[in-house]
>>> print(open('work-v4.cif').read())   # mmCIF, C-alpha atoms
data_query
loop_
_atom_site.label_atom_id
_atom_site.label_comp_id
_atom_site.auth_asym_id
_atom_site.auth_seq_id
_atom_site.Cartn_x
_atom_site.Cartn_y
_atom_site.Cartn_z
CA MET A 1 114.16 69.37 183.24
CA VAL A 2 112.88 65.83 183.55
CA PRO A 3 115.70 63.36 184.24
CA ALA A 4 115.19 61.52 180.94
CA ALA A 5 115.70 64.75 178.98
CA VAL A 6 118.78 65.64 181.02
CA ASP A 7 120.28 62.21 180.34
CA ALA A 8 119.52 62.38 176.62
CA MET A 9 120.90 65.89 176.22
CA THR A 10 123.98 65.21 178.33
CA ALA A 11 124.84 62.17 176.26
CA GLU A 12 124.90 64.33 173.12
CA LEU A 13 126.82 67.26 174.58
CA ALA A 14 130.12 65.40 174.53
CA ILE A 15 129.80 64.37 170.87
CA VAL A 16 130.94 66.67 168.06
CA GLY A 17 129.04 66.78 164.80
CA ASN A 18 127.24 69.33 162.61
CA PRO A 19 124.02 67.78 161.25
CA SER A 20 124.56 69.62 157.96
CA SER A 21 127.99 68.08 157.36
CA LEU A 22 128.52 65.02 155.19
CA HIS A 23 131.31 63.35 157.16
CA THR A 24 130.72 60.55 159.65
CA ALA A 25 130.21 62.78 162.67
CA GLY A 26 127.81 64.97 160.71
CA ARG A 27 125.77 62.02 159.46
CA ARG A 28 125.53 60.68 162.99
CA ALA A 29 124.28 64.04 164.26
CA ARG A 30 121.78 64.20 161.38
CA ARG A 31 120.45 60.78 162.36
CA VAL A 32 119.92 62.00 165.95
CA VAL A 33 118.11 65.11 164.68
CA GLU A 34 115.85 63.16 162.33
CA GLU A 35 115.04 60.51 164.93
CA SER A 36 114.18 63.33 167.35
CA ARG A 37 112.00 64.93 164.68
CA GLU A 38 110.11 61.66 164.27
CA GLN A 39 109.79 61.26 168.04
CA LEU A 40 108.40 64.79 168.54
CA ALA A 41 106.04 64.45 165.59
CA ALA A 42 104.66 61.15 166.87
CA SER A 43 104.03 62.66 170.30
CA LEU A 44 102.00 65.54 168.86
CA GLY A 45 100.14 63.90 166.00
CA ALA A 46 102.20 65.53 163.26
CA ARG A 47 104.28 64.32 160.33
CA PRO A 48 108.06 64.55 160.74
CA SER A 49 108.20 66.79 157.67
CA GLU A 50 105.95 69.27 159.51
CA VAL A 51 108.46 69.84 162.35
CA VAL A 52 110.72 72.90 162.05
CA PHE A 53 113.20 73.14 164.91
CA THR A 54 113.77 76.60 166.41
CA SER A 55 115.50 78.18 169.39
CA GLY A 56 112.21 78.32 171.32
CA GLY A 57 108.67 79.65 171.32
CA THR A 58 109.56 83.25 170.54
CA GLU A 59 111.40 82.34 167.35
CA ALA A 60 108.63 79.93 166.38
CA ASP A 61 106.02 82.67 166.88
CA ASN A 62 108.07 85.15 164.84
CA LEU A 63 108.53 82.67 162.02
CA ALA A 64 104.81 81.86 161.99
CA VAL A 65 103.54 85.45 162.18
CA VAL A 66 106.17 87.39 160.26
CA GLY A 67 107.07 84.59 157.88
CA GLY A 68 103.43 83.68 157.33
CA TYR A 69 102.44 87.28 156.67
CA ARG A 70 105.26 87.88 154.21
CA ALA A 71 104.43 84.78 152.19
CA ARG A 72 100.70 85.45 152.12
CA SER A 73 101.00 89.14 151.28
CA ALA A 74 103.60 88.43 148.58
CA ALA A 75 101.17 86.00 146.93
CA ASP A 76 98.33 88.54 147.14
CA PRO A 77 99.04 92.18 148.12
CA ARG A 78 95.45 92.55 149.33
CA ARG A 79 96.30 90.35 152.32
CA ARG A 80 97.37 93.07 154.74
CA ARG A 81 95.37 92.31 157.88
CA VAL A 82 96.64 90.14 160.73
CA LEU A 83 94.01 89.11 163.29
CA ALA A 84 95.23 88.21 166.78
CA SER A 85 93.64 88.07 170.21
CA ALA A 86 94.34 90.93 172.59
CA VAL A 87 95.74 88.49 175.18
CA GLU A 88 98.50 86.92 173.11
CA HIS A 89 102.00 86.52 174.45
CA HIS A 90 104.28 89.41 173.51
CA ALA A 91 106.14 87.13 171.11
CA VAL A 92 103.01 87.31 168.95
CA ILE A 93 101.81 90.80 169.87
CA ASP A 94 105.17 92.42 169.15
CA SER A 95 105.56 90.46 165.91
CA VAL A 96 102.16 91.66 164.70
CA GLN A 97 102.94 95.21 165.77
CA TRP A 98 106.30 95.10 163.99
CA LEU A 99 104.51 94.12 160.78
CA ALA A 100 102.13 97.04 161.24
CA ASP A 101 105.00 99.47 161.88
CA HIS A 102 107.42 98.25 159.21
CA ALA A 103 105.72 96.00 156.65
CA GLY A 104 102.45 97.74 155.79
CA ALA A 105 100.28 95.33 157.75
CA GLU A 106 97.11 96.23 159.61
CA ALA A 107 96.87 94.78 163.11
CA VAL A 108 93.38 93.76 164.23
CA TRP A 109 93.17 92.94 167.94
CA LEU A 110 90.32 90.60 168.76
CA PRO A 111 88.58 91.30 172.11
CA VAL A 112 88.13 88.71 174.84
CA ASP A 113 85.49 88.19 177.50
CA HIS A 114 85.95 88.53 181.25
CA LEU A 115 87.43 85.03 181.42
CA GLY A 116 90.01 85.76 178.74
CA ARG A 117 88.31 83.80 175.93
CA VAL A 118 88.50 85.27 172.45
CA ASP A 119 85.25 86.72 171.12
CA LEU A 120 84.36 84.39 168.25
CA GLU A 121 81.67 86.71 166.93
CA ALA A 122 84.21 89.52 166.73
CA LEU A 123 86.52 87.19 164.79
CA ARG A 124 83.73 86.22 162.44
CA GLU A 125 82.77 89.85 161.84
CA ALA A 126 86.38 90.91 161.29
CA ILE A 127 86.84 88.23 158.63
CA ASP A 128 83.44 88.73 156.97
CA ASP A 129 84.18 92.44 156.66
CA ASP A 130 86.80 91.63 153.98
CA PRO A 131 88.02 88.00 153.87
CA ASP A 132 90.43 88.59 151.00
CA SER A 133 92.40 91.12 153.06
CA VAL A 134 93.25 88.72 155.91
CA ALA A 135 96.76 87.26 155.82
CA LEU A 136 96.45 85.06 158.88
CA VAL A 137 94.82 84.59 162.28
CA SER A 138 96.81 83.95 165.48
CA VAL A 139 95.08 82.79 168.65
CA MET A 140 97.01 81.08 171.46
CA TRP A 141 96.01 77.62 172.65
CA ALA A 142 96.13 78.57 176.33
CA ASN A 143 96.93 81.84 178.05
CA ASN A 144 100.20 82.10 179.92
CA GLU A 145 98.93 84.53 182.57
CA VAL A 146 95.41 83.38 183.49
CA GLY A 147 95.41 79.81 182.15
CA THR A 148 92.28 80.13 180.00
CA ILE A 149 92.12 77.62 177.14
CA GLN A 150 90.96 79.17 173.88
CA PRO A 151 88.34 77.70 171.51
CA VAL A 152 90.95 76.92 168.87
CA ALA A 153 88.73 74.50 166.94
CA ASP A 154 86.08 77.20 166.52
CA VAL A 155 88.71 79.71 165.41
CA VAL A 156 89.94 77.24 162.79
CA GLU A 157 86.42 76.58 161.53
CA ILE A 158 85.70 80.28 161.09
CA ALA A 159 89.03 81.09 159.41
CA HIS A 160 89.24 78.03 157.18
CA ALA A 161 85.80 78.74 155.76
CA HIS A 162 87.58 81.56 153.92
CA GLY A 163 90.86 79.73 153.30
CA ILE A 164 92.70 81.76 155.95
CA PRO A 165 95.55 80.00 157.80
CA VAL A 166 95.57 79.84 161.59
CA HIS A 167 98.58 79.97 163.90
CA THR A 168 98.38 79.02 167.55
CA ASP A 169 100.97 79.69 170.21
CA ALA A 170 100.77 76.41 172.13
CA VAL A 171 103.82 77.05 174.31
CA GLN A 172 101.75 76.82 177.51
CA ALA A 173 99.59 73.95 176.31
CA VAL A 174 101.87 71.21 175.00
CA GLY A 175 102.52 68.69 177.74
CA HIS A 176 99.87 70.21 180.01
CA VAL A 177 96.64 69.60 178.08
CA PRO A 178 95.98 67.27 175.13
CA VAL A 179 97.39 68.75 171.91
CA GLU A 180 97.27 66.92 168.59
CA PHE A 181 98.39 68.87 165.56
CA ALA A 182 96.59 66.97 162.81
CA THR A 183 93.16 66.92 164.43
CA SER A 184 93.40 70.51 165.70
CA GLY A 185 93.16 71.84 162.16
CA VAL A 186 95.67 74.65 162.77
CA ASP A 187 98.23 75.38 160.09
CA LEU A 188 101.04 76.55 162.37
CA LEU A 189 101.75 75.66 166.01
CA SER A 190 104.53 76.95 168.27
CA LEU A 191 106.03 75.08 171.22
CA THR A 192 109.08 75.29 173.45
CA GLY A 193 111.07 72.94 175.65
CA HIS A 194 111.42 74.71 178.96
CA LYS A 195 107.67 74.80 179.63
CA LEU A 196 107.38 71.01 179.70
CA GLY A 197 110.54 69.71 181.33
CA GLY A 198 112.90 70.19 178.38
CA PRO A 199 115.87 72.49 177.82
CA MET A 200 115.76 76.24 177.43
CA GLY A 201 116.63 77.48 173.97
CA ALA A 202 114.94 74.64 172.09
CA GLY A 203 111.53 74.71 170.45
CA ALA A 204 109.68 73.98 167.25
CA LEU A 205 107.14 75.30 164.81
CA LEU A 206 104.77 72.68 163.43
CA ALA A 207 103.78 73.72 159.92
CA VAL A 208 101.39 71.78 157.69
CA ARG A 209 102.55 70.73 154.27
CA GLY A 210 101.99 73.60 151.91
CA ALA A 211 102.05 76.21 154.67
CA GLU A 212 103.04 79.56 153.21
CA LEU A 213 106.17 80.72 155.04
CA THR A 214 108.99 83.09 154.16
CA ALA A 215 112.25 82.79 156.09
CA VAL A 216 112.92 85.55 158.60
CA GLN A 217 116.61 84.71 158.98
CA HIS A 218 119.00 83.63 156.26
CA GLY A 219 122.05 81.44 155.95
CA GLY A 220 122.50 77.77 155.20
CA GLY A 221 118.88 77.00 154.36
CA GLN A 222 118.32 74.42 157.08
CA GLU A 223 114.82 73.29 158.14
CA ARG A 224 113.00 73.38 154.81
CA GLY A 225 114.79 76.62 153.95
CA VAL A 226 112.75 78.64 156.45
CA ARG A 227 115.03 78.49 159.49
CA SER A 228 118.72 78.77 158.71
CA GLY A 229 121.32 78.02 161.38
CA THR A 230 123.34 75.09 162.64
CA LEU A 231 121.00 72.73 164.45
CA ASP A 232 121.64 72.23 168.17
CA THR A 233 121.66 68.44 168.27
CA PRO A 234 121.84 68.03 172.08
CA ALA A 235 119.02 70.51 172.69
CA ILE A 236 116.85 68.94 169.98
CA ARG A 237 117.39 65.53 171.52
CA GLY A 238 116.45 66.83 174.97
CA LEU A 239 113.39 68.57 173.55
CA ALA A 240 112.06 65.46 171.81
CA VAL A 241 112.54 63.28 174.89
CA ALA A 242 110.87 65.89 177.12
CA VAL A 243 107.86 66.25 174.80
CA GLU A 244 107.38 62.49 174.64
CA HIS A 245 107.67 62.21 178.42
CA ALA A 246 105.23 65.07 179.07
CA VAL A 247 102.64 63.77 176.61
CA ASP A 248 102.87 60.18 177.81
CA ASP A 249 102.65 61.30 181.46
CA LEU A 250 99.75 63.69 180.86
CA PRO A 251 96.91 61.36 181.97
CA ARG A 252 98.62 61.02 185.35
CA SER A 253 100.26 64.41 185.81
CA ALA A 254 97.41 66.72 184.78
CA PRO A 255 94.88 65.50 187.40
CA ARG A 256 97.56 65.49 190.10
CA ILE A 257 98.69 69.05 189.32
CA ALA A 258 95.10 70.27 188.96
CA ALA A 259 94.32 68.87 192.42
CA LEU A 260 97.28 70.79 193.87
CA ARG A 261 96.07 73.92 192.10
CA ASP A 262 92.55 73.55 193.46
CA ARG A 263 93.89 73.05 196.98
CA LEU A 264 96.05 76.15 196.62
CA VAL A 265 93.11 78.25 195.41
CA ALA A 266 90.80 76.96 198.15
CA GLY A 267 93.43 77.64 200.79
CA VAL A 268 94.04 81.18 199.59
CA GLN A 269 90.32 81.96 199.46
CA SER A 270 89.92 80.58 202.97
CA GLN A 271 92.72 82.70 204.39
CA VAL A 272 92.21 85.81 202.21
CA PRO A 273 88.46 85.85 201.49
CA ASP A 274 88.54 88.88 199.19
CA ALA A 275 91.14 87.34 196.86
CA VAL A 276 89.89 87.22 193.26
CA VAL A 277 90.64 84.34 190.87
CA HIS A 278 91.11 85.26 187.21
CA GLY A 279 90.57 83.10 184.15
CA ASP A 280 88.15 80.37 183.15
CA PRO A 281 87.33 78.31 186.27
CA VAL A 282 86.81 75.17 184.17
CA GLY A 283 88.56 75.45 180.82
CA ARG A 284 92.02 76.26 182.12
CA LEU A 285 95.53 74.89 182.41
CA PRO A 286 95.97 72.44 185.30
CA GLY A 287 98.90 74.28 186.88
CA ASN A 288 97.98 77.93 186.49
CA VAL A 289 96.66 80.18 189.27
CA ASN A 290 96.13 83.90 188.77
CA LEU A 291 94.97 85.69 191.92
CA ALA A 292 94.38 89.35 192.70
CA PHE A 293 94.57 90.81 196.18
CA PRO A 294 92.74 94.16 196.58
CA GLY A 295 94.84 96.82 198.26
CA CYS A 296 98.14 95.17 197.33
CA GLU A 297 100.78 95.91 194.74
CA GLY A 298 101.74 92.74 192.91
CA ASP A 299 105.43 93.67 192.94
CA SER A 300 105.39 93.99 196.73
CA LEU A 301 103.79 90.58 197.07
CA LEU A 302 106.29 89.09 194.67
CA TYR A 303 109.29 90.26 196.69
CA LEU A 304 107.75 89.37 200.05
CA LEU A 305 106.96 85.86 198.88
CA ASP A 306 110.31 85.49 197.16
CA ALA A 307 111.99 86.16 200.50
CA GLN A 308 110.09 83.13 201.84
CA GLY A 309 111.21 80.91 198.96
CA ILE A 310 107.93 81.20 197.03
CA GLU A 311 108.68 82.16 193.43
CA CYS A 312 105.83 83.75 191.50
CA SER A 313 105.26 86.53 188.98
CA THR A 314 103.02 89.48 188.25
CA GLY A 315 102.54 88.57 184.59
CA SER A 316 104.62 87.24 181.75
CA ALA A 317 108.27 86.46 182.45
CA CYS A 318 109.24 87.90 179.06
CA GLN A 319 109.01 91.61 179.83
CA ALA A 320 112.79 92.24 180.08
CA GLY A 321 112.47 92.71 183.83
CA VAL A 322 110.33 95.82 183.43
CA PRO A 323 107.15 95.74 185.58
CA GLN A 324 104.14 96.69 183.48
CA PRO A 325 100.38 96.33 183.98
CA SER A 326 99.17 93.02 182.58
CA HIS A 327 97.78 93.56 179.09
CA VAL A 328 95.90 90.28 179.53
CA LEU A 329 93.98 91.43 182.61
CA LEU A 330 93.35 94.85 181.08
CA ALA A 331 91.90 93.20 177.96
CA MET A 332 89.65 91.10 180.22
CA GLY A 333 88.22 94.30 181.74
CA VAL A 334 89.73 93.69 185.19
CA PRO A 335 89.58 96.87 187.33
CA ASP A 336 92.87 98.73 187.70
CA GLU A 337 93.17 97.99 191.42
CA LEU A 338 92.94 94.26 190.81
CA VAL A 339 95.37 94.44 187.89
CA ARG A 340 97.93 96.05 190.18
CA GLY A 341 97.38 93.42 192.86
CA ALA A 342 97.52 90.37 190.58
CA LEU A 343 99.90 87.49 191.12
CA ARG A 344 100.53 84.38 189.04
CA LEU A 345 101.56 81.13 190.69
CA THR A 346 102.20 78.05 188.62
CA LEU A 347 102.67 74.39 189.45
CA GLY A 348 104.41 71.71 187.42
CA HIS A 349 105.70 68.17 187.43
CA THR A 350 107.99 68.81 190.41
CA SER A 351 105.29 70.44 192.56
CA THR A 352 104.17 68.68 195.76
CA ASP A 353 101.69 69.07 198.60
CA ALA A 354 104.55 70.47 200.66
CA ASP A 355 104.99 73.27 198.10
CA VAL A 356 101.31 74.18 198.40
CA ASP A 357 101.58 74.11 202.19
CA ALA A 358 104.58 76.44 202.06
CA ALA A 359 102.78 78.90 199.80
CA LEU A 360 99.68 78.91 202.00
CA ALA A 361 101.82 79.44 205.08
CA ALA A 362 103.61 82.43 203.58
CA LEU A 363 100.80 84.17 201.70
CA PRO A 364 98.55 85.66 204.43
CA ALA A 365 101.39 87.53 206.14
CA ALA A 366 102.71 88.73 202.79
CA VAL A 367 99.28 90.07 201.85
CA GLU A 368 98.95 91.83 205.20
CA ARG A 369 102.36 93.48 204.87
CA ALA A 370 101.74 94.45 201.24
CA ARG A 371 98.41 96.02 202.14
CA GLY A 372 100.05 97.92 204.97
CA ALA A 373 102.71 99.22 202.61
CA GLY A 374 100.07 100.21 200.07
CA LEU A 375 98.01 102.10 202.64
CA ALA A 376 101.11 103.92 203.88
CA SER A 377 102.06 104.84 200.34
CA ARG A 378 98.62 106.20 199.49
CA ALA A 379 98.47 108.12 202.78
CA GLY A 380 101.82 109.72 201.98
#
>>> encode(input="work-v4.cif", output="structure tokens")
Amino acid sequence: MVPAAVDAMTAELAIVGNPSSLHTAGRRARRVVEESREQLAASLGARPSEVVFTSGGTEADNLAVVGGYRARSAADPRRRRVLASAVEHHAVIDSVQWLADHAGAEAVWLPVDHLGRVDLEALREAIDDDPDSVALVSVMWANNEVGTIQPVADVVEIAHAHGIPVHTDAVQAVGHVPVEFATSGVDLLSLTGHKLGGPMGAGALLAVRGAELTAVQHGGGQERGVRSGTLDTPAIRGLAVAVEHAVDDLPRSAPRIAALRDRLVAGVQSQVPDAVVHGDPVGRLPGNVNLAFPGCEGDSLLYLLDAQGIECSTGSACQAGVPQPSHVLLAMGVPDELVRGALRLTLGHTSTDADVDAALAALPAAVERARGAGLASRAG
């Protein structure tokens, strides 16, 4: 967390008050929540009334996809299809699949190209096939595994021509690339705190006025009646401060982090010439690096690097600790050997040149050992 968010959250942690209560402590907490709502909205080009606080990106995605589908299909039973890219985060993929398994929806997975960009022609054809049957479209702003930024404006243009709402999972994008809700044209946008220097367990769904949403959890009717539950005032305060800090610092931080990323990639390619970089080389997140090392198992590399103090991953961190082939790389048509040998390294606001140096010092030996282990395994 950025120090400003830690300070803001810590100051609230010692103060009791339920924002839904009418007594003095409750009114004070409500004032903090509403000021934080205004602060977050101003940072992202939204109206305060469009901010729905959640426990993070996963809940925001569920509310957008499941809640959006239920509202749209209730208004018109013909609206059964949900269109989503094949490289979405599992918070979206599993929500769409749940609707298909339990709510009579039809999941339509939009293909992507070899860089991970959604196929706009496939989207157009899927909608034109039967526009009245589409409940909503969900395409992430930027991919969490390979860093590719999606053509969200084009997706909005295609969908809105038929009056179809668009949701975007912007968890990876907010605070890392410019994101403005109003000018983006999207109807629903998910974000979370821990990806931008804020607290874990705090996020938001930005929803335009008039957005069709049905609550997916029930209780006290907080947050426009679509997200019941006592609001976490300290976490909301920390989230708003972190978002403002990340957005304000973006002109300085993004070029600095991108330069570290480029130096990391160049160093890896110099030391391991057959390493393969995945994702859009230009339209990508500043801090994301997805590399594949032929002849290696990604899990082996992960543990070898972890032992040297280099923390990385083989895909999304939200897979309940179960190693699985990356659905993102598979959807991009990456060969199986490279999928198995893929590694994701990310940089952020705390990253330094020394961190890059440490990674470059540890990686060649880790690759050599991982390849040796792979050869021994295949020989056995």
>>> closest_residue(input="work-v4.cif", among="A:His160, A:His23, A:His327, A:Arg340", to="Ser85 of chain A", atoms="only C-alpha atoms")
A:His327
>>> residues_around(input="work-v4.cif", residues="segment 273-284 of chain A", least_positions_apart="6", cutoff="6 Å", atoms="only C-alpha atoms", output="PDB file with C-alpha atoms, keeping the file's coordinate frame")
ATOM      1  CA  LEU A 115      87.430  85.030 181.420  1.00  0.00           C
ATOM      2  CA  VAL A 146      95.410  83.380 183.490  1.00  0.00           C
ATOM      3  CA  GLY A 147      95.410  79.810 182.150  1.00  0.00           C
ATOM      4  CA  THR A 148      92.280  80.130 180.000  1.00  0.00           C
ATOM      5  CA  ILE A 149      92.120  77.620 177.140  1.00  0.00           C
ATOM      6  CA  ASN A 290      96.130  83.900 188.770  1.00  0.00           C
ATOM      7  CA  LEU A 291      94.970  85.690 191.920  1.00  0.00           C
ATOM      8  CA  ALA A 292      94.380  89.350 192.700  1.00  0.00           C
ATOM      9  CA  PHE A 293      94.570  90.810 196.180  1.00  0.00           C
TER      10      PHE A 293
END
>>> residues_around(input="work-v4.cif", residues="Val174 of chain A", least_positions_apart="6", cutoff="8 Å", atoms="all atoms listed in the file", output="CSV table (one decimal) with C-alpha atoms, in the coordinates of the input")
chain,number,residue,atom,x,y,z
A,191,LEU,CA,106.0,75.1,171.2
A,196,LEU,CA,107.4,71.0,179.7
A,243,VAL,CA,107.9,66.2,174.8
A,247,VAL,CA,102.6,63.8,176.6
>>> resolve_selection(input="work-v4.cif", expression="the PyMOL selection byres ((chain A and resi 360) around 12)", output="ChimeraX atom specification")
/A:260-261,263-272,305,308,310,345,353-359,361-367
>>> resolve_selection(input="work-v4.cif", expression="the PyMOL selection byres ((chain A and resi 90-102) around 10)", output="number ranges by chain")
A: 57-66, 69-70, 80-89, 103-109, 138-140, 167-169, 316, 318-319, 327
>>> closest_residue(input="work-v4.cif", among="A:Gly298, A:Pro234, A:Gly203, A:Gly197", to="Val16 of chain A", atoms="all atoms listed in the file")
A:Pro234
